[in-house]
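S.K.: Below is a structure I'd like to ask you about.
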Number of protein chains: 2
Amino acid sequence: MNKKRTTLKDIANVLSISTAAVSKALNDDARISVKTKKAVKQVAKELNYQPNHLASALRKGKSKLVGVIVPRTNSHFFSSVVESMEGVLNKAGYNIIITQSNESFEKECNNIDTLLYLQVDGIIASMANETVDLSFYEKIKSNGIPLILFDRGENDLNVDYVGINDYASSHMIIEHLVAQGCKRIAHIGGYRRTRIFNNRIRGYIDAIKKHDLPHDDELLIESSLTLEDGRQQIKKLLALKNRPDAVYVASDYAALGALQVLKEKNIKVPEEIKLVGFGNEPFTSLVTPSITSISQHSKQIGKLAADTFLSYVEKDVVEQSLNKIILDSELIIRDSSK
Amino acid sequence: MNKKRTTLKDIANVLSISTAAVSKALNDDARISVKTKKAVKQVAKELNYQPNHLASALRKGKSKLVGVIVPRTNSHFFSSVVESMEGVLNKAGYNIIITQSNESFEKECNNIDTLLYLQVDGIIASMANETVDLSFYEKIKSNGIPLILFDRGENDLNVDYVGINDYASSHMIIEHLVAQGCKRIAHIGGYRRTRIFNNRIRGYIDAIKKHDLPHDDELLIESSLTLEDGRQQIKKLLALKNRPDAVYVASDYAALGALQVLKEKNIKVPEEIKLVGFGNEPFTSLVTPSITSISQHSKQIGKLAADTFLSYVEKDVVEQSLNKIILDSELIIRDSSK
DNA sequence: TATATTTGTTTAATCGATTAACCAAAAGTA
DNA sequence: TACTTTTGGTTAATCGATTAAACAAATATA
C-alpha cells in the first residue's frame, strides 16, 4: 500500500532539480533541455506519477470538467446524446459529470448547485419537465460559465441551443397520417411552457388546418407524457363521442402507454386507430405493433452540443454570437400507422 | 457578469477579520463567537459566497466525489442502482461521477484512470463483460481508495461486493419451469469468467440435475447476452433435432432478441416454448407476450453499495472486514412462461 | 575583449481553504 | 493582587501544480 501519491517534489528530489523544472518538463516547455525532459519523464514513470488534478485545476482556474444535466439517463435518447458528447469532450481533455433531474425542478436546482460547487468549466443541460423558474440557469450565466441547452430548451433564456425541428416534425407526422387516410387526428402533447412541446403543438395545429381537418379542442391534450399519463389520456380520447382515427403522441413513452390501453380494449392498431410516437426509442420497434416515431439524431445533437461548448473555451472569445442549431428530424414509419 | 467569485478573503475584508476566522465561522468552529459567526454568514450570503471546492479538496485531501462505473446507463437496472446510490451519497455530502464502459475493457480502464485523476474518494463499479484483466482494479486498491463492486463482480478480487443470489435465482427459474411441465430446458447464459454468469450457469446445471432432466451440452450456451446475440443463439437452439421446450436466458435483452426470432418464426410462446429472462427490465412487461424475469432489487443494491462505501470513509477504520452482501431475488412470472 | 543574446533553470508567488501553533484580552480562581 | 484558564481570535504554513520574474552560464555578436 503506497500511502502517499508521488508529487512533483518527489521527482524533483530524485533528480536534484526544482519542482518548477519538473512541471515544465512534463508540460514540454520549450525552455527545458531535452536531456532533463527525458530524465524527468523517466523518473515520473518509475514513481508512477499521477498529476494532482485538484492542485492543477485550482491553480489554472479550470477544472476540465463539464457538467451534464439530463431528465434521466435511462432513456435511449438521453443516454445516446450523453455518450456522443462524452466522446467529443474526452478527446478534448474534458471529463463529464452526469447528473439526472428525474424531471424534478428541485433536483435540477440541486444539480446546478453541485456542478457549480465542483467548479465545472461548463454545463450542458436538458431541462426537466417541471422547470419554469429559470433563475438557477441565470445563476450559471452570471457565474460566467458557458451554458448549452439541448432538446428541452427555453426561448426566454438567451443561451446556445441544439435540438431538432419540432414544428416541422409535427408537419411530417400529420402529412404521413393524412396520406394514410386519417381524417380526425388527435394530439397528446407536452406542456406548452416547454419550448419543444409548444413547437410540436403549433406544428400539429398548423398542419391540421392546412389540410382542413377538424381541430376540436378535445383532440388536443397537454400532459406530462409519462407512460402512465399516456394511458390516462388515451382513455379520455376513447371516451369521446367522436373518436379520433389517429393519435400523435409527443413522446414514445406516453405512446407506449396509449398502445397498452388500446390493446387491452381490443382496439386494432393501426386498423381502427393509427398511432405515432416521438423519439424513436428502441422499444418502439420491439412492441407489437411496432410504433411509428420521429428519430432525433441523438448522436449528432450530443456532438454539436459538445462542439459548441468547446468553441467557448478553446478560443477565448469574449462575445460570441449565440448558436441555435436546429437539426432536421426523420420519420420512421412502422406498423402502428400503416 | 460578476467576473470573480467571492472568496473567504472578500468576506474577511468586509468584516476586517482574518480569513481563518471566516473559515472557522462558516464551519461552526467552537472557538468563534456567535456574534462573529452571524456576521460572517450574513456577509457570505450577501456576497453569494460559494466555497471553492477545489481548494478545500486539495487542502483536506478529500474530494467528496465518488466515481461510479457501469457498463451502460441506459439499462433500467443500472440507472436505478445509480439513482438510489446517488440519493444515499448526496445525503452524506458526496457527489458522484458516473462513467460508462459500454462493456469495453479499454473504456473501463480509461474510466478508472479518469476517476483516479479526479481524486475521487472511492469507486463503486460493475465490471464490463469484456473485463478479465484485473490490474486496473488492483491499481485502485493500491492507491488506497475504497472499491466496491456490485452485480458484475469477481471472486479473485478481494473487495466488497453487493449482488443478488444468482445461483438460487437459477434454481427458482428451473423450479418454476418444471412446475409448468417443461422437460427440456435450455440456458443461454453469459460467459463463465464473470462471476454472476458462472453462478447462474452452476445454478442451472444443479437444478436440472436435481430434477433428473437432460443436461446435454447443446442446451447450454455461453454468449455476450446482447439483444442481437439472443437472436443468434435462439436460432441455434431451434436448429437442434431435439428442440428445448423452455429457454432460460441470463439477460432480458438477449431474451428479447430470442422472443423476436420466435415470433418471426411463428413459434408460439409460451405454448411451444416457454421463455424466461433475467433482470426485470421494464420492457419485459411491455412486450407481447410479457416476459417472465428475475427482479434484482436494484434500489437496495445501490443503497447497500453506497452504505458500504460510507462505512469506509465515515469512521476511519483501518482494517475492516470485507463485506460480501448477497440479496435474495424475486421471480416475476409473466405470460412467456405460463 | 566587451557586450548582447540565448539557454536552462531556480526562486518565489499564487490559486483558496484549512489548521496547527500562537497570542492577547477577558474572566475565573486562590 | 497574582496567577490560571477560557474565549476569540490571528499568523503562518500547507495542500501540489503552475508561472512570472529573476538569474547564472553558455554562446553569439560587435
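Each chain of the C-alpha cells is named A, B, ... in the order shown, its residues numbered from 1; ligands are numbered from 1 in display order.
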Return as a tab-separated table the residues of chain B lying at most 8 Å from chain D, together with the closest atom-to-atom pair for each and the distance in Å to one decimal, counting only C-alpha atoms (C1' of nucleotides), with rows in chain order and ascending residue number.
M.R.:
residue	atom	partner	partner_atom	distance
B:Ser18	CA	D:DT10	C1'	6.8
B:Ala20	CA	D:DT10	C1'	7.9
B:Ala21	CA	D:DG9	C1'	7.0
B:Arg31	CA	D:DG8	C1'	6.1
B:Ile32	CA	D:DG8	C1'	5.8
B:Ser33	CA	D:DG8	C1'	6.5
B:Leu58	CA	D:DC15	C1'	5.3
B:Arg59	CA	D:DC15	C1'	4.3
B:Lys60	CA	D:DC15	C1'	7.3
B:Gly61	CA	D:DC15	C1'	7.4
S.K.: Please produce a file of those selected residues containing N, CA, C and O atoms, as a short mmCIF file (atom, residue, chain, number, x, y, z; two decimals), in the first residue's frame.
M.R.:
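This went into selection_16.cif:
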data_model
loop_
_atom_site.label_atom_id
_atom_site.label_comp_id
_atom_site.auth_asym_id
_atom_site.auth_seq_id
_atom_site.Cartn_x
_atom_site.Cartn_y
_atom_site.Cartn_z
N SER B 18 -9.65 38.01 9.95
CA SER B 18 -8.78 37.15 9.15
C SER B 18 -9.59 36.12 8.38
O SER B 18 -10.72 35.78 8.76
N ALA B 20 -8.91 33.12 8.28
CA ALA B 20 -9.01 31.95 9.15
C ALA B 20 -10.29 32.01 9.98
O ALA B 20 -11.01 31.02 10.12
N ALA B 21 -10.55 33.19 10.50
CA ALA B 21 -11.76 33.35 11.32
C ALA B 21 -13.00 33.08 10.46
O ALA B 21 -13.95 32.43 10.91
N ARG B 31 -14.46 27.84 18.58
CA ARG B 31 -13.67 28.97 19.07
C ARG B 31 -14.07 30.31 18.47
O ARG B 31 -13.38 31.30 18.67
N ILE B 32 -15.11 30.33 17.72
CA ILE B 32 -15.56 31.59 17.13
C ILE B 32 -16.85 32.03 17.82
O ILE B 32 -17.74 31.22 18.05
N SER B 33 -16.94 33.30 18.16
CA SER B 33 -18.12 33.79 18.89
C SER B 33 -19.37 33.76 18.02
O SER B 33 -19.30 33.85 16.80
N LEU B 58 -8.22 20.05 -2.10
CA LEU B 58 -6.76 19.95 -2.15
C LEU B 58 -6.20 19.95 -0.74
O LEU B 58 -5.37 19.12 -0.38
N ARG B 59 -6.69 20.89 0.05
CA ARG B 59 -6.17 21.01 1.41
C ARG B 59 -6.51 19.79 2.26
O ARG B 59 -5.68 19.25 2.97
N LYS B 60 -7.75 19.37 2.18
CA LYS B 60 -8.19 18.28 3.04
C LYS B 60 -7.84 16.90 2.52
O LYS B 60 -7.95 15.91 3.23
N GLY B 61 -7.41 16.86 1.28
CA GLY B 61 -7.05 15.57 0.73
C GLY B 61 -8.26 14.70 0.43
O GLY B 61 -8.14 13.50 0.25
#
S.K.: For the strand (DSSP E) assignment from backbone DSSP, which residues of range 137-334 of chain A qualify? Please present them as a ChimeraX atom specification.
M.R.: /A:147-150,160-164,185-189,220-222,246-249,274-276,293-295,324-327,330-332
S.K.: Mind dumping a table of every chain A residue within 9 Å of chain B, with the nearest atom pair and its distance in Å to one decimal, using only C-alpha atoms, sorted by chain and rising number, as CSV?
M.R.:
residue,atom,partner,partner_atom,distance
A:Met1,CA,B:Ser142,CA,5.3
A:Asn2,CA,B:Ser142,CA,6.5
A:Lys3,CA,B:Gly144,CA,6.7
A:Lys4,CA,B:Asn143,CA,8.2
A:Arg5,CA,B:Asn143,CA,7.7
A:Gln50,CA,B:Tyr117,CA,7.0
A:Pro51,CA,B:Tyr117,CA,7.1
A:Asn52,CA,B:Tyr117,CA,6.9
A:His53,CA,B:Leu118,CA,5.8
A:Leu54,CA,B:Leu54,CA,5.6
A:Ala55,CA,B:Leu58,CA,6.2
A:Ala57,CA,B:Leu54,CA,7.1
A:Leu58,CA,B:Leu54,CA,5.7
A:Ser63,CA,B:Leu54,CA,8.3
A:Arg72,CA,B:Ser79,CA,8.5
A:Thr73,CA,B:Asn74,CA,6.0
A:Asn74,CA,B:Asn74,CA,4.1
A:Ser75,CA,B:Asn74,CA,5.9
A:His76,CA,B:Asn74,CA,6.0
A:Phe78,CA,B:Asn74,CA,8.4
A:Ser79,CA,B:Asn74,CA,5.8
A:Ser80,CA,B:Asn74,CA,8.3
A:Glu83,CA,B:Gln100,CA,8.4
A:Asn95,CA,B:Thr114,CA,7.6
A:Ile96,CA,B:Ile97,CA,7.8
A:Ile97,CA,B:Ile97,CA,5.1
A:Ile98,CA,B:Ile98,CA,5.8
A:Thr99,CA,B:Ile98,CA,8.0
A:Gln100,CA,B:Glu83,CA,8.3
A:Thr114,CA,B:Asn95,CA,7.6
A:Leu116,CA,B:Gln50,CA,8.5
A:Tyr117,CA,B:His53,CA,6.0
A:Leu118,CA,B:His53,CA,5.8
A:Gln119,CA,B:His53,CA,7.1
A:Lys141,CA,B:Met1,CA,7.9
A:Ser142,CA,B:Met1,CA,5.2
A:Asn143,CA,B:Asn2,CA,6.6
A:Gly144,CA,B:Met1,CA,6.5
A:Leu256,CA,B:Leu286,CA,8.3
A:Gln260,CA,B:Leu286,CA,7.8
A:Phe283,CA,B:Phe283,CA,7.4
A:Leu286,CA,B:Val287,CA,7.1
A:Val287,CA,B:Val287,CA,5.2
A:Thr288,CA,B:Thr288,CA,6.6
S.K.: Quick one: write out the picked residues with N, CA and C atoms as a CSV table (one decimal), in the first residue's frame?
M.R.:
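Saved result, part-v2.csv, follows:
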chain,number,residue,atom,x,y,z
A,1,MET,N,0.8,-1.2,0.0
A,1,MET,CA,0.0,0.0,0.0
A,1,MET,C,0.9,1.3,0.0
A,2,ASN,N,1.1,1.9,-1.1
A,2,ASN,CA,1.8,3.1,-1.2
A,2,ASN,C,0.8,4.2,-0.6
A,3,LYS,N,1.1,4.6,0.6
A,3,LYS,CA,0.2,5.6,1.2
A,3,LYS,C,0.1,6.9,0.4
A,4,LYS,N,1.3,7.4,0.2
A,4,LYS,CA,1.3,8.7,-0.5
A,4,LYS,C,1.5,8.7,-2.0
A,5,ARG,N,0.8,9.6,-2.6
A,5,ARG,CA,1.0,9.7,-4.1
A,5,ARG,C,2.3,10.4,-4.4
A,50,GLN,N,1.2,10.5,-10.9
A,50,GLN,CA,-0.1,10.9,-11.5
A,50,GLN,C,-0.4,12.3,-11.0
A,51,PRO,N,-0.5,13.3,-11.9
A,51,PRO,CA,-0.7,14.7,-11.5
A,51,PRO,C,-1.9,14.9,-10.6
A,52,ASN,N,-1.8,15.7,-9.7
A,52,ASN,CA,-2.9,16.1,-8.8
A,52,ASN,C,-3.8,17.0,-9.5
A,53,HIS,N,-4.9,16.5,-9.9
A,53,HIS,CA,-5.8,17.3,-10.7
A,53,HIS,C,-6.3,18.5,-9.9
A,54,LEU,N,-6.6,18.3,-8.7
A,54,LEU,CA,-7.1,19.3,-7.8
A,54,LEU,C,-6.2,20.5,-7.8
A,55,ALA,N,-4.9,20.3,-7.6
A,55,ALA,CA,-4.0,21.4,-7.5
A,55,ALA,C,-3.9,22.1,-8.8
A,57,ALA,N,-6.0,22.2,-11.2
A,57,ALA,CA,-7.3,22.9,-11.5
A,57,ALA,C,-7.4,24.2,-10.7
A,58,LEU,N,-7.0,24.1,-9.5
A,58,LEU,CA,-7.0,25.3,-8.6
A,58,LEU,C,-6.2,26.4,-9.1
A,63,SER,N,-11.3,23.4,-14.3
A,63,SER,CA,-11.3,22.1,-13.7
A,63,SER,C,-11.3,21.0,-14.8
A,72,ARG,N,-33.3,12.2,-17.3
A,72,ARG,CA,-33.0,10.8,-16.8
A,72,ARG,C,-32.0,10.2,-17.7
A,73,THR,N,-31.2,9.2,-17.2
A,73,THR,CA,-30.2,8.6,-18.1
A,73,THR,C,-30.8,7.3,-18.7
A,74,ASN,N,-31.8,6.8,-18.2
A,74,ASN,CA,-32.3,5.5,-18.7
A,74,ASN,C,-33.3,5.7,-19.8
A,75,SER,N,-33.1,6.7,-20.6
A,75,SER,CA,-33.9,6.8,-21.9
A,75,SER,C,-32.8,6.7,-22.9
A,76,HIS,N,-33.2,6.1,-24.0
A,76,HIS,CA,-32.2,5.8,-25.0
A,76,HIS,C,-31.7,7.1,-25.6
A,78,PHE,N,-31.5,10.2,-24.3
A,78,PHE,CA,-30.5,11.0,-23.5
A,78,PHE,C,-29.2,10.2,-23.3
A,79,SER,N,-29.3,8.9,-23.1
A,79,SER,CA,-28.0,8.2,-22.9
A,79,SER,C,-27.2,8.2,-24.2
A,80,SER,N,-27.9,8.3,-25.3
A,80,SER,CA,-27.1,8.3,-26.5
A,80,SER,C,-26.5,9.7,-26.8
A,83,GLU,N,-23.5,9.9,-24.5
A,83,GLU,CA,-22.4,9.1,-25.0
A,83,GLU,C,-21.6,9.8,-26.0
A,95,ASN,N,-13.6,15.9,-18.9
A,95,ASN,CA,-14.3,14.8,-18.3
A,95,ASN,C,-15.7,15.3,-18.0
A,96,ILE,N,-16.7,14.4,-18.0
A,96,ILE,CA,-18.0,14.9,-17.8
A,96,ILE,C,-18.6,14.3,-16.5
A,97,ILE,N,-19.4,15.1,-15.8
A,97,ILE,CA,-20.1,14.7,-14.7
A,97,ILE,C,-21.6,14.6,-15.0
A,98,ILE,N,-22.2,13.5,-15.0
A,98,ILE,CA,-23.6,13.3,-15.4
A,98,ILE,C,-24.5,13.4,-14.2
A,99,THR,N,-25.5,14.2,-14.2
A,99,THR,CA,-26.5,14.3,-13.1
A,99,THR,C,-27.8,14.1,-13.8
A,100,GLN,N,-28.8,13.6,-13.0
A,100,GLN,CA,-30.1,13.5,-13.5
A,100,GLN,C,-31.1,14.3,-12.6
A,114,THR,N,-24.6,21.8,-7.3
A,114,THR,CA,-23.5,20.8,-7.2
A,114,THR,C,-22.4,21.0,-8.2
A,116,LEU,N,-21.8,23.7,-10.0
A,116,LEU,CA,-21.1,25.0,-9.8
A,116,LEU,C,-20.0,24.8,-8.6
A,117,TYR,N,-20.5,24.1,-7.6
A,117,TYR,CA,-19.6,23.8,-6.5
A,117,TYR,C,-18.4,23.0,-6.9
A,118,LEU,N,-18.6,22.1,-7.9
A,118,LEU,CA,-17.4,21.3,-8.3
A,118,LEU,C,-16.6,22.1,-9.3
A,119,GLN,N,-17.0,23.4,-9.6
A,119,GLN,CA,-16.2,24.2,-10.5
A,119,GLN,C,-16.1,23.7,-11.9
A,141,LYS,N,-25.2,31.5,-15.8
A,141,LYS,CA,-24.7,32.5,-16.7
A,141,LYS,C,-24.0,33.6,-15.9
A,142,SER,N,-24.5,34.0,-14.8
A,142,SER,CA,-23.9,35.1,-14.0
A,142,SER,C,-22.6,34.6,-13.4
A,143,ASN,N,-22.4,33.3,-13.3
A,143,ASN,CA,-21.1,32.8,-12.9
A,143,ASN,C,-20.1,32.8,-14.0
A,144,GLY,N,-20.5,33.2,-15.1
A,144,GLY,CA,-19.6,33.3,-16.3
A,144,GLY,C,-19.3,32.0,-16.9
A,256,LEU,N,-46.5,4.5,-25.8
A,256,LEU,CA,-46.5,3.1,-25.3
A,256,LEU,C,-47.6,2.8,-24.4
A,260,GLN,N,-50.8,0.3,-24.9
A,260,GLN,CA,-51.2,-0.8,-23.9
A,260,GLN,C,-52.7,-0.7,-23.7
A,283,PHE,N,-37.6,0.6,-27.9
A,283,PHE,CA,-38.7,-0.2,-27.7
A,283,PHE,C,-39.8,0.0,-28.8
A,286,LEU,N,-39.8,-2.7,-31.0
A,286,LEU,CA,-39.9,-4.1,-30.3
A,286,LEU,C,-41.3,-4.5,-30.0
A,287,VAL,N,-42.1,-3.5,-29.7
A,287,VAL,CA,-43.5,-3.8,-29.3
A,287,VAL,C,-44.3,-4.2,-30.5
A,288,THR,N,-45.5,-4.8,-30.2
A,288,THR,CA,-46.4,-5.2,-31.3
A,288,THR,C,-47.7,-4.5,-31.1
S.K.: Which one is closest to chain C: A:Lys35, A:Ile326, A:Ile294, A:Asn13? Count only C-alpha atoms (C1' of nucleotides).
M.R.: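 Looking only at the distances to chain C, the closest residue turns out to be A:Lys35.
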S.K.: Sort by chain and increasing residue number a table of all residues of chain C within 8 Å of chain A, each with its closest pair of atoms and their distance in Å to one decimal, counting only C-alpha atoms (C1' of nucleotides), and write it as a Markdown table.
M.R.:
| residue | atom | partner | partner_atom | distance |
| --- | --- | --- | --- | --- |
| C:DT7 | C1' | A:Arg31 | CA | 7.2 |
| C:DG8 | C1' | A:Ile32 | CA | 5.9 |
| C:DT9 | C1' | A:Ala21 | CA | 6.8 |
| C:DT10 | C1' | A:Ser18 | CA | 6.7 |
| C:DT14 | C1' | A:Arg59 | CA | 7.4 |
| C:DC15 | C1' | A:Arg59 | CA | 4.3 |
| C:DG16 | C1' | A:Leu58 | CA | 7.9 |
S.K.: Store the residues picked out above in a file with C-alpha atoms (C1' of nucleotides), as a PDB file, in the first residue's frame.
M.R.:
ATOM      1  C1'  DT C   7      19.582  28.695 -22.969  1.00  0.00           C
ATOM      2  C1'  DG C   8      18.222  26.279 -18.959  1.00  0.00           C
ATOM      3  C1'  DT C   9      16.987  26.577 -14.667  1.00  0.00           C
ATOM      4  C1'  DT C  10      15.722  28.459  -9.929  1.00  0.00           C
ATOM      5  C1'  DT C  14      -0.074  32.187  -6.445  1.00  0.00           C
ATOM      6  C1'  DC C  15      -4.748  29.659  -6.601  1.00  0.00           C
ATOM      7  C1'  DG C  16      -8.478  29.440  -1.962  1.00  0.00           C
TER       8       DG C  16
END
S.K.: Could you give me the residues within range 255-325 of chain B that DSSP places in helix (DSSP H, G or I), as an MDAnalysis selection string?
M.R.: chainID B and resid 255:264 282:285 298:313
S.K.: What lies within 9 Å of Asn158 in chain B using only C-alpha atoms (C1' of nucleotides), ignoring chain neighbours under 3 positions off, as a ChimeraX atom specification?
M.R.: /B:154-155,322
S.K.: Write the residues of the selection above to a file with C-alpha atoms, as a CSV table (one decimal), in the first residue's frame.
M.R.:
chain,number,residue,atom,x,y,z
B,154,GLU,CA,-15.1,-11.0,-9.4
B,155,ASN,CA,-14.1,-13.7,-7.0
B,322,LEU,CA,-14.8,-7.4,3.8
S.K.: Skip Lys303 in chain A itself and residues of its chain fewer than 3 positions away, then list as a list of chain:residue names all residues within 12 Å of it, counting only C-alpha atoms (C1' of nucleotides).
M.R.: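 Contacts, with the query itself left out: A:Ser80, A:Val81, A:Val82, A:Glu83, A:Ser84, A:Met85, A:Glu86, A:Gly87, A:Val88, A:Leu89, A:Asn90, A:Lys91, A:Ile124, A:Phe150, A:Val162, A:Gly163, A:His297, A:Ser298, A:Lys299, A:Gln300, A:Ala306, A:Asp307, A:Thr308, A:Phe309, A:Leu310, A:Ile325.
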S.K.: Mind dumping the selected residues with N, CA, C and O atoms as a tab-separated table (two decimals), in the first residue's frame?
M.R.:
chain	number	residue	atom	x	y	z
A	80	SER	N	-27.86	8.26	-25.26
A	80	SER	CA	-27.14	8.29	-26.52
A	80	SER	C	-26.52	9.67	-26.77
A	80	SER	O	-25.38	9.78	-27.22
A	81	VAL	N	-27.26	10.70	-26.44
A	81	VAL	CA	-26.71	12.06	-26.55
A	81	VAL	C	-25.46	12.18	-25.67
A	81	VAL	O	-24.42	12.66	-26.10
A	82	VAL	N	-25.60	11.72	-24.45
A	82	VAL	CA	-24.51	11.84	-23.49
A	82	VAL	C	-23.29	11.07	-23.96
A	82	VAL	O	-22.16	11.54	-23.87
A	83	GLU	N	-23.53	9.89	-24.50
A	83	GLU	CA	-22.41	9.07	-24.95
A	83	GLU	C	-21.61	9.79	-26.03
A	83	GLU	O	-20.38	9.83	-25.98
A	84	SER	N	-22.33	10.39	-26.97
A	84	SER	CA	-21.61	11.04	-28.06
A	84	SER	C	-20.92	12.32	-27.58
A	84	SER	O	-19.81	12.65	-27.99
A	85	MET	N	-21.57	12.99	-26.66
A	85	MET	CA	-20.99	14.19	-26.06
A	85	MET	C	-19.69	13.83	-25.37
A	85	MET	O	-18.67	14.51	-25.52
A	86	GLU	N	-19.76	12.75	-24.60
A	86	GLU	CA	-18.61	12.30	-23.84
A	86	GLU	C	-17.42	12.01	-24.75
A	86	GLU	O	-16.29	12.37	-24.44
A	87	GLY	N	-17.70	11.38	-25.86
A	87	GLY	CA	-16.63	11.07	-26.80
A	87	GLY	C	-15.90	12.31	-27.24
A	87	GLY	O	-14.67	12.39	-27.17
A	88	VAL	N	-16.65	13.30	-27.67
A	88	VAL	CA	-16.06	14.54	-28.15
A	88	VAL	C	-15.28	15.25	-27.05
A	88	VAL	O	-14.15	15.70	-27.25
A	89	LEU	N	-15.87	15.32	-25.88
A	89	LEU	CA	-15.24	16.07	-24.79
A	89	LEU	C	-14.01	15.36	-24.24
A	89	LEU	O	-13.00	16.00	-23.93
A	90	ASN	N	-14.08	14.04	-24.12
A	90	ASN	CA	-12.90	13.31	-23.66
A	90	ASN	C	-11.72	13.57	-24.57
A	90	ASN	O	-10.60	13.79	-24.12
A	91	LYS	N	-12.02	13.57	-25.85
A	91	LYS	CA	-10.95	13.79	-26.83
A	91	LYS	C	-10.29	15.15	-26.61
A	91	LYS	O	-9.10	15.32	-26.87
A	124	ILE	N	-23.89	21.53	-19.79
A	124	ILE	CA	-24.74	21.19	-20.92
A	124	ILE	C	-25.98	20.52	-20.34
A	124	ILE	O	-25.86	19.53	-19.61
A	150	PHE	N	-29.89	21.54	-24.72
A	150	PHE	CA	-30.25	20.71	-25.86
A	150	PHE	C	-31.62	20.08	-25.62
A	150	PHE	O	-32.03	19.92	-24.48
A	162	VAL	N	-29.19	23.31	-28.96
A	162	VAL	CA	-29.13	22.32	-30.03
A	162	VAL	C	-30.37	21.43	-29.92
A	162	VAL	O	-30.65	20.89	-28.87
A	163	GLY	N	-31.10	21.33	-31.00
A	163	GLY	CA	-32.28	20.49	-30.96
A	163	GLY	C	-32.75	20.18	-32.37
A	163	GLY	O	-32.08	20.48	-33.35
A	297	HIS	N	-31.77	12.10	-34.07
A	297	HIS	CA	-30.34	12.26	-34.30
A	297	HIS	C	-29.58	12.55	-33.02
A	297	HIS	O	-28.86	13.55	-32.93
A	298	SER	N	-29.76	11.68	-32.07
A	298	SER	CA	-29.17	11.93	-30.76
A	298	SER	C	-27.65	12.10	-30.81
A	298	SER	O	-27.10	12.99	-30.17
A	299	LYS	N	-26.99	11.25	-31.59
A	299	LYS	CA	-25.52	11.33	-31.66
A	299	LYS	C	-25.09	12.71	-32.13
A	299	LYS	O	-24.16	13.31	-31.62
A	300	GLN	N	-25.80	13.17	-33.15
A	300	GLN	CA	-25.49	14.46	-33.73
A	300	GLN	C	-25.71	15.58	-32.71
A	300	GLN	O	-24.89	16.50	-32.59
A	306	ALA	N	-21.48	19.45	-27.59
A	306	ALA	CA	-20.11	19.42	-27.08
A	306	ALA	C	-19.24	20.39	-27.87
A	306	ALA	O	-18.45	21.15	-27.29
A	307	ASP	N	-19.40	20.39	-29.18
A	307	ASP	CA	-18.61	21.30	-30.01
A	307	ASP	C	-18.88	22.76	-29.64
A	307	ASP	O	-17.97	23.58	-29.59
A	308	THR	N	-20.14	23.05	-29.38
A	308	THR	CA	-20.50	24.41	-29.01
A	308	THR	C	-19.79	24.82	-27.73
A	308	THR	O	-19.23	25.90	-27.61
A	309	PHE	N	-19.80	23.91	-26.78
A	309	PHE	CA	-19.09	24.19	-25.53
A	309	PHE	C	-17.62	24.46	-25.80
A	309	PHE	O	-17.04	25.45	-25.33
A	310	LEU	N	-17.01	23.57	-26.59
A	310	LEU	CA	-15.59	23.70	-26.86
A	310	LEU	C	-15.27	25.03	-27.57
A	310	LEU	O	-14.23	25.64	-27.32
A	325	ILE	N	-28.85	25.76	-32.97
A	325	ILE	CA	-28.73	24.76	-34.01
A	325	ILE	C	-29.98	23.89	-34.05
A	325	ILE	O	-30.34	23.26	-33.06
S.K.: Name the residues in contact with Arg243 in chain B at a cut-off of 9 Å, using only C-alpha atoms (C1' of nucleotides), excluding same-chain residues fewer than 6 positions from it; report them as a list in words.
M.R.: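 Near neighbours after the sequence-gap exclusion: Arg184, Ala186, Leu219 and Leu237 of chain B.
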S.K.: Could you please determine the separation between CA of Val66 in chain B and CA of Asp160 in chain B in Å, to one decimal place?
M.R.: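 Spanning CA of Val66 in chain B to CA of Asp160 in chain B is a straight-line distance of 15.4 Å.
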S.K.: What does the distance from CA of Leu213 in chain B to CA of Thr292 in chain B come to in Å, to one decimal?
M.R.: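 About the pair CA of Leu213 in chain B and CA of Thr292 in chain B: they are 21.0 Å apart.
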S.K.: Env of Gln233 in chain B: 12 Å cut, atoms = only C-alpha atoms (C1' of nucleotides), seq-sep filter 4 positions within chain, self excluded. Answer as an MDAnalysis selection string.
M.R.: chainID B and resid 186:190 218:229 237:240 247:249 254:259 261:262
